[in-house]
Amino acid sequence: MTDSALRPLYFKPRNGVRIVVWSAFAALLLLLPLVARSSFAQTLLCATGIAAIACMSYNMLLGQAGMLSFGHAVYTGLATFVAVHAMNRVGAGWWLPMWAIPLVGGLAGLAFGVVIGYVTTRKAGTPFAMITLGVGELVFAGALMFPEFFGGESGVSANRTAGAGWLKDVGITFGPQLQVYYLIAIYLFLCSAAMYAFTLTPVGRIANAVRDNAERAEFVGYDTRWVRYLVVMASSFFAGIAGGLTAINVEVATADLLYSVRSGQYLLFTFLGGVGFFFGPLIGSVLLVFALVVLSELTKAWQLYVGIVFLIMVVYAPGGFAALLMLNLRRIKYGEWRKMRWPYAGMAFFGAIALWGFAAIVEMLYQAQDAAVTGSALSVAGIKLDSATVSSWVLAMAVLMVGAFGFEVWRRRFKRVWDDGEERIAEAIKKAEAAIV
Amino acid sequence: MKFNVKPAALAVAAVAAVVALSGAAHAQNVKVAFIEGLSGPFGGVGQNQLKHFQYAAERFSGKQANSGVTVEIVPMDSKGSPQEALALLKKASDEGIHFVAQGNGSNVAGVLIDAINKFNERNPGKEVVFLNYAAIDPDFTNSKCSPWHFRFDGGVDMKLEALTNYMKDEKGIKNVYILGQNYSFGQQVSKYTKEMLAKKRPDVKIVGDELHPMGQVKDFSPYIAKMQAANADTVVTGNWGADLALLIRAANAAGFKGKFYTFYAGVIGTPTAIGAAGADRVYMVSYWHPNSAQSQIESLYTGFKQRFNEEFYTVAAVNAVRYLVAGVEKAKSTNAAAVAKAMAGMKMKGASGEDIEMRASDGALQQGMYVAEWTKAGGPAVKFDQENTGFGFKTVRYLMPEQAAMPTTCKMPKRP
Amino acid sequence: MSTLNGVSYGLLLFMLSAGLTLIFSMMGVLNFAHASFYMLGAYFAYQVSSWTNFWVAFVVAPLLVAVLGGLFERAVLRKTHRFGHVAELLVTFGLSFVILELVQLVWGRTAVDYRVPAALDGALFQLYNANFPTYRAFMMVVAIAMLLALFLVLRKTRIGLVIQAALTHPETTEALGHNVPRVFALVFAGGCALAALAGVIGGNAFITEPGMAQAVGAIIFVVVVVGGMGSLAGALIASLLIGLMQTFAIGLDWSFIGALKSVGVEVTPESFGYPLWKLKLSQVAPILPYLLLVVMLIVRPKGILGTRDD
């Protein structure tokens, strides 16, 4: 029995693995712009990087301490406003290098975390969720009442090329998007490392305990409210850094940054990515930018798709994509994955068919609604349809039914193989544990 | 062609013909990125405006308009968010689109103007021009004016000039109550109403001046109660969407008899919500309405209704497309900087047959202004009703472009 | 007049939050999609009343929504029960997205013409030369009737007793031969029906559009927290409090400047924090509920009639 089997449930990587993973992450950040050359692609990368910090800071609340917040955008958004004002001060002659603006945002986020967190962390669980929602509404409504600070509905704009400093002398003005990307990448790497380190600190550990069983943690002698408060403060600091980076990236702060819809997005995509694993929110941030920018250009029904995927994930895979990935990695490790190739292939094949049928129906519904503008013809994944003809509807429904039937057949087969494998893995783990004793 | 104002602009029609004959002209394709909230709860208005642009592009460019210039509208969904709009601006320029149309929300427009200024400065040769069809913050053509921004709607100041011009002669008006959403538009309505009424009707008392948070009020009856307590007989409001519909419903329910002077009573969805509740007491100021005096508008209105079964409303979309086509023809190029230069100062006939001009000094279209009353449809004055409510708009005052013109404080940077 | 306006608005808020409180106190589930069921109620009522009349819609729409709610509980919510309350909340959060999109798909993205029935249109009586609309009175009557019915069902009927038993001792109740999961489905359906009823009578009083769920969503959560989590009576008090507070605040043009002036402090635009001092109470009225929430949490975190302090 190799010793890797001794750490079965979590991939608790040894330091060697850790170094490899983090180096790969750094290399990826470094090299990505070589693939994404167009300015739009770079904009996407920047947005993803910022979203990644925001989602990871959100996961400090949700994943680590079990606090469901509907008001995370308050921290990122308010920090953006402070950062934009700081940028304008820099333009007016303040001594502060532009690269430090995200730190200003972080400190602002921390300050708001101290104030707002004091109120919100008085409760835990469901009431906490509702309170964050209320506070979010309060801040958003307040933003339009104080145009002196929030700039009314046009927001406050700034110029990221302002100011001086030695960076400017070597040609780094932050004018080109690429330079902004590398600034974001550096912050992303450092923040990820810092947040990972936080999970290892005593506070991070106690937060887990509070999440899993608040009563017991209380009984052992920890003040759970104080723990929640600390986590909110740490989380809001990193959220603030994301907000500061937003200020540099888009050079404008508007009230919609504070809107509850944005808070909802952080929640939704952090969850989709996976709250149980540190890298889950990273996947989530990629999905967020993909859904908001790419998917919403492809189809008008994007919100419906996102909503349905979210529902399915909550019911069937509450660990998010990260958990799905890790479960499969574990299979590979125990040599159980090979048996699942065929069930996977079958499910993927029929799943794709069913998905096409479903997407065709949804798209035709939307097309029929706006048929007057764009006509009733459309194509779904290259196949031409017409929402005005019966044959298209029959075709789509038939395809959906065939796909769903095939999927169900393979799913049952898959479940058998999967459960079977799980049993054997559990046994292997038991044996390994017994071997130690 | 029923529309007696030749779409491709009379002034350049001859030139275009000559060029076409000489064979030098090749068909020019101009793409316009239509950046607007197209999905979500507030997507309805955006979708409707998109139809206006598509309709305008069909009728006033390319084959139907006998023009060598074809305008293609590329819809992009900003979801109403300024941040998303900025990302889409980059996407548009990546795809080689150098014209951007937007209008719903001065917040997005303000951010776009600022971003386009910066972008054009940092990317010479790839300039982007902004066709603003509905964001009417006067700052855009005054303190924040930009050589890249063209506004096809009337500013708040122009609209209030028309509105107060009508109110001046309504002797029944004694106590005016101003109610608005608490953001720059609502604040400007309040400011200009007070200024202009003080000049034109010094005897009128302002009995209330109130701002409420936008989209937060569910029950307007307390506001109505306040108006009744203040003996208001007239309400001037910049409210739009649900905030306007709810206000008028609450007024009707509480038996408030005063009149409402509004800006956006005709926007899609609002007529349905107002319905009979607003008959003979809701007024709207706009640069156009379905029953505007000139008969040639009918073809726009009926044509659009036939095509989409929705109400035609946004003439600014038509004017934006017409100006763009004429600008490209005049510049003989689709280069945005050249087109911008050509459009500045260009004159043509407006939808009501009046002489309109894109004023070069501030980028604001100089056009006529209507004040119209919401009333029972039927008869020659109210030929078309709105959204099958049985009610429509009747012109009660028309201001020629020169009457509605407002001075500008714009110090326009030199056009490149 | 303001009192009547405030009470009628407060009662509508109570109708909205009653279902939410009911579900929460019974099942521990915070139904994030509650406002979406309110919206569905309004749209169903619009559709049914356009085919038949308002009174049919008044009965049918809540029942339809109840069926949908019950189906959702059975098919989806029950499966997430084992993952805990956070997962249950998330499921309803996702549902609110899906309902919003579906509503827009079926009825379009703009407001629909859902009107007050002619029989209830017009003024009931006059007070200080302002009308009190009949429909508002009708809303108040319905809300109070609902309150009484709810009380009777929970306290006096067999079903009510089973529900209460299922709450505290699910295993024992199950052992006594009652189908506890079915009880939960019934409770959830009932809560949704209450939301839908509020939608039926609120949709035409105000406006029926896709944004209506979002517009009330946050405020009913405030009601539930301020009233005390899971307390129906608390929700009633909080609703009335918020309704009255908002209504009266709009009538008052107080600001800090005025208050400071009366104690002899002059505030000018140059003073520090002028934007805050110059705000009038009437201007901030609509966000007062949220301020109340914050104050409540600092002073009395368990809410007006709450029992739990977590």
# chains A, B, ... in the order shown; residues from 1 in each chain; ligands from 1
$ residues_around --residues "region 269-282 of chain A" --least-positions-apart "4" --cutoff "9 Å" --atoms "only C-alpha atoms" --output "MDAnalysis selection string"
chainID A and resid 48:49 51:59 62:64 195:196 199 264:265 286:288 309:310 313:314 318:324
$ closest_atom_pairs --of "chain C" --to "chain A" --cutoff "8 Å" --atoms "only C-alpha atoms" --output "CSV"
residue,atom,partner,partner_atom,distance
C:Leu30,CA,A:Thr126,CA,6.9
C:Val76,CA,A:Val315,CA,7.0
C:Lys79,CA,A:Val315,CA,6.4
C:Thr80,CA,A:Val315,CA,5.6
C:Phe83,CA,A:Pro318,CA,7.9
C:His85,CA,A:Thr126,CA,7.8
C:Val86,CA,A:Leu68,CA,7.3
C:Ala87,CA,A:Val314,CA,6.6
C:Leu90,CA,A:Val314,CA,7.1
C:Val91,CA,A:Leu311,CA,5.8
C:Gly94,CA,A:Gly307,CA,5.3
C:Leu95,CA,A:Leu311,CA,6.9
C:Phe97,CA,A:Gly307,CA,5.5
C:Val98,CA,A:Gly307,CA,5.4
C:Glu101,CA,A:Leu304,CA,5.8
C:Leu102,CA,A:Leu304,CA,7.7
C:Leu105,CA,A:Tyr366,CA,6.7
C:Gly108,CA,A:Gln369,CA,7.8
C:Ala218,CA,A:Gly134,CA,6.2
C:Ile219,CA,A:Gly134,CA,7.6
C:Phe221,CA,A:Met130,CA,6.0
C:Val222,CA,A:Gly134,CA,6.5
C:Val225,CA,A:Pro127,CA,6.9
C:Met229,CA,A:Pro127,CA,7.6
C:Pro275,CA,A:Phe146,CA,6.5
C:Leu276,CA,A:Phe146,CA,7.7
C:Ile287,CA,A:Leu138,CA,6.3
C:Tyr290,CA,A:Leu138,CA,5.7
C:Leu291,CA,A:Leu138,CA,7.2
C:Leu293,CA,A:Gly134,CA,7.4
C:Val294,CA,A:Val119,CA,6.8
C:Leu297,CA,A:Val119,CA,6.6
C:Ile298,CA,A:Val119,CA,6.6
C:Pro301,CA,A:Arg122,CA,7.0
C:Asp309,CA,A:Lys123,CA,7.8
C:Asp310,CA,A:Lys123,CA,5.5
$ write_last_selection --atoms "N, CA and C atoms" --output "short mmCIF file (atom, residue, chain, number, x, y, z; two decimals), in the first residue's frame"
data_model
loop_
_atom_site.label_atom_id
_atom_site.label_comp_id
_atom_site.auth_asym_id
_atom_site.auth_seq_id
_atom_site.Cartn_x
_atom_site.Cartn_y
_atom_site.Cartn_z
N LEU C 30 -35.96 29.48 3.99
CA LEU C 30 -36.21 30.85 3.57
C LEU C 30 -36.47 30.81 2.07
N VAL C 76 -38.22 19.21 -6.35
CA VAL C 76 -36.88 19.79 -6.24
C VAL C 76 -36.46 20.04 -4.79
N LYS C 79 -35.47 17.26 -2.43
CA LYS C 79 -34.19 16.59 -2.68
C LYS C 79 -33.02 17.31 -2.03
N THR C 80 -33.17 18.60 -1.84
CA THR C 80 -32.04 19.35 -1.29
C THR C 80 -32.10 19.41 0.23
N PHE C 83 -29.14 18.47 2.22
CA PHE C 83 -27.92 19.29 2.15
C PHE C 83 -27.99 20.48 3.09
N HIS C 85 -30.11 23.95 5.12
CA HIS C 85 -30.92 25.11 4.79
C HIS C 85 -30.29 26.02 3.75
N VAL C 86 -28.95 26.07 3.73
CA VAL C 86 -28.32 26.94 2.75
C VAL C 86 -28.64 26.45 1.34
N ALA C 87 -28.56 25.13 1.14
CA ALA C 87 -28.87 24.58 -0.17
C ALA C 87 -30.33 24.84 -0.54
N LEU C 90 -30.62 28.29 -1.66
CA LEU C 90 -30.03 28.47 -2.99
C LEU C 90 -30.96 27.95 -4.08
N VAL C 91 -31.64 26.84 -3.80
CA VAL C 91 -32.56 26.30 -4.79
C VAL C 91 -33.66 27.32 -5.10
N GLY C 94 -32.26 30.09 -7.20
CA GLY C 94 -32.20 29.73 -8.61
C GLY C 94 -33.59 29.76 -9.24
N LEU C 95 -34.57 29.30 -8.48
CA LEU C 95 -35.93 29.28 -9.00
C LEU C 95 -36.40 30.69 -9.35
N PHE C 97 -34.77 33.09 -10.56
CA PHE C 97 -34.25 33.44 -11.88
C PHE C 97 -35.11 32.81 -12.97
N VAL C 98 -35.38 31.51 -12.77
CA VAL C 98 -36.10 30.78 -13.81
C VAL C 98 -37.52 31.33 -13.97
N GLU C 101 -37.50 34.60 -15.93
CA GLU C 101 -37.32 34.42 -17.37
C GLU C 101 -38.58 33.86 -18.02
N LEU C 102 -39.19 32.89 -17.35
CA LEU C 102 -40.39 32.28 -17.93
C LEU C 102 -41.53 33.29 -18.03
N LEU C 105 -40.93 35.33 -20.91
CA LEU C 105 -41.10 34.57 -22.13
C LEU C 105 -42.58 34.49 -22.48
N GLY C 108 -44.09 38.63 -22.08
CA GLY C 108 -43.33 39.76 -22.60
C GLY C 108 -42.62 40.53 -21.50
N ALA C 218 -36.78 42.53 -1.43
CA ALA C 218 -35.95 42.87 -0.28
C ALA C 218 -36.80 43.33 0.89
N ILE C 219 -37.88 44.04 0.60
CA ILE C 219 -38.62 44.66 1.69
C ILE C 219 -39.34 43.61 2.54
N PHE C 221 -38.26 40.70 3.19
CA PHE C 221 -37.26 40.10 4.07
C PHE C 221 -37.04 41.01 5.29
N VAL C 222 -37.04 42.31 5.03
CA VAL C 222 -36.89 43.25 6.14
C VAL C 222 -38.03 43.06 7.14
N VAL C 225 -37.43 39.91 9.20
CA VAL C 225 -36.36 40.01 10.19
C VAL C 225 -36.76 40.96 11.32
N MET C 229 -37.82 36.44 13.30
CA MET C 229 -37.87 35.31 12.37
C MET C 229 -38.94 34.31 12.78
N PRO C 275 -24.16 67.31 2.35
CA PRO C 275 -25.10 66.48 1.59
C PRO C 275 -25.97 65.63 2.49
N LEU C 276 -25.42 65.19 3.62
CA LEU C 276 -26.21 64.36 4.53
C LEU C 276 -27.22 65.20 5.28
N ILE C 287 -36.24 54.29 1.88
CA ILE C 287 -35.19 53.40 2.38
C ILE C 287 -35.24 53.30 3.90
N TYR C 290 -34.97 49.84 5.56
CA TYR C 290 -33.64 49.25 5.67
C TYR C 290 -32.88 49.83 6.85
N LEU C 291 -33.10 51.15 7.05
CA LEU C 291 -32.48 51.77 8.23
C LEU C 291 -33.05 51.15 9.50
N LEU C 293 -34.11 48.23 9.84
CA LEU C 293 -33.49 46.91 9.97
C LEU C 293 -32.16 47.02 10.71
N VAL C 294 -31.34 47.99 10.29
CA VAL C 294 -30.02 48.14 10.90
C VAL C 294 -30.15 48.52 12.37
N LEU C 297 -31.27 45.63 14.48
CA LEU C 297 -30.25 44.64 14.73
C LEU C 297 -29.30 45.07 15.84
N ILE C 298 -29.09 46.38 15.92
CA ILE C 298 -28.19 46.86 16.96
C ILE C 298 -28.88 46.83 18.31
N PRO C 301 -31.56 42.36 18.42
CA PRO C 301 -31.26 41.49 17.27
C PRO C 301 -32.31 40.42 17.02
N ASP C 309 -32.28 33.99 19.19
CA ASP C 309 -31.32 35.09 19.22
C ASP C 309 -30.12 34.83 18.31
N ASP C 310 -30.16 33.77 17.52
CA ASP C 310 -28.96 33.45 16.72
C ASP C 310 -28.84 34.32 15.48
#
$ interface_residues --of "chain C" --to "chain B" --cutoff "7 Å" --atoms "only C-alpha atoms" --output "ChimeraX atom specification"
/C:2,5,109-111,113,122,130-133,206-207,210-211,215,247,250-251,283,286
$ write_last_selection --atoms "C-alpha atoms" --output "mmCIF file, in the first residue's frame"
data_model
loop_
_atom_site.group_PDB
_atom_site.id
_atom_site.type_symbol
_atom_site.label_atom_id
_atom_site.label_comp_id
_atom_site.auth_asym_id
_atom_site.auth_seq_id
_atom_site.Cartn_x
_atom_site.Cartn_y
_atom_site.Cartn_z
ATOM 1 C CA SER C 2 -52.187 59.014 5.799
ATOM 2 C CA ASN C 5 -52.859 54.700 3.427
ATOM 3 C CA ARG C 109 -40.978 42.201 -20.965
ATOM 4 C CA THR C 110 -43.285 45.138 -20.413
ATOM 5 C CA ALA C 111 -46.226 45.775 -18.122
ATOM 6 C CA ASP C 113 -52.875 45.695 -18.593
ATOM 7 C CA GLY C 122 -63.974 54.522 -7.575
ATOM 8 C CA ALA C 130 -59.276 63.311 -0.837
ATOM 9 C CA ASN C 131 -60.890 60.076 -1.949
ATOM 10 C CA PHE C 132 -60.376 56.822 -0.220
ATOM 11 C CA PRO C 133 -60.491 54.259 -3.032
ATOM 12 C CA PHE C 206 -49.952 48.760 -8.450
ATOM 13 C CA ILE C 207 -48.455 47.412 -11.642
ATOM 14 C CA PRO C 210 -41.465 41.556 -14.650
ATOM 15 C CA GLY C 211 -39.707 43.938 -12.263
ATOM 16 C CA ALA C 215 -39.237 45.518 -6.222
ATOM 17 C CA THR C 247 -46.366 56.940 4.638
ATOM 18 C CA ILE C 250 -43.209 61.240 3.017
ATOM 19 C CA GLY C 251 -45.446 63.882 4.511
ATOM 20 C CA GLN C 283 -36.582 61.992 0.445
ATOM 21 C CA PRO C 286 -38.447 54.587 0.860
#
$ interface_residues --of "chain A" --to "chain B" --cutoff "8 Å" --atoms "only C-alpha atoms" --output "list in words"
Ser38, Ser39, Phe40, Thr43, Ala141, Leu144, Met145, Pro147, Gly152, Glu153, Ser154, Gly155, Ser157, Gly175, Val250, Val252, Thr254, Asp256, Leu257, Ser296, Glu297, Lys300, Gln303, Ala372 and Val373 of chain A
$ atom_distance --atom1 "CA of Leu96 (chain A)" --atom2 "CA of Lys144 (chain B)"
27.6 Å
$ residues_around --residues "Lys199 (chain B)" --least-positions-apart "3" --cutoff "12 Å" --atoms "only C-alpha atoms" --output "MDAnalysis selection string"
chainID B and resid 161 164:165 167:168 192:196 202:204
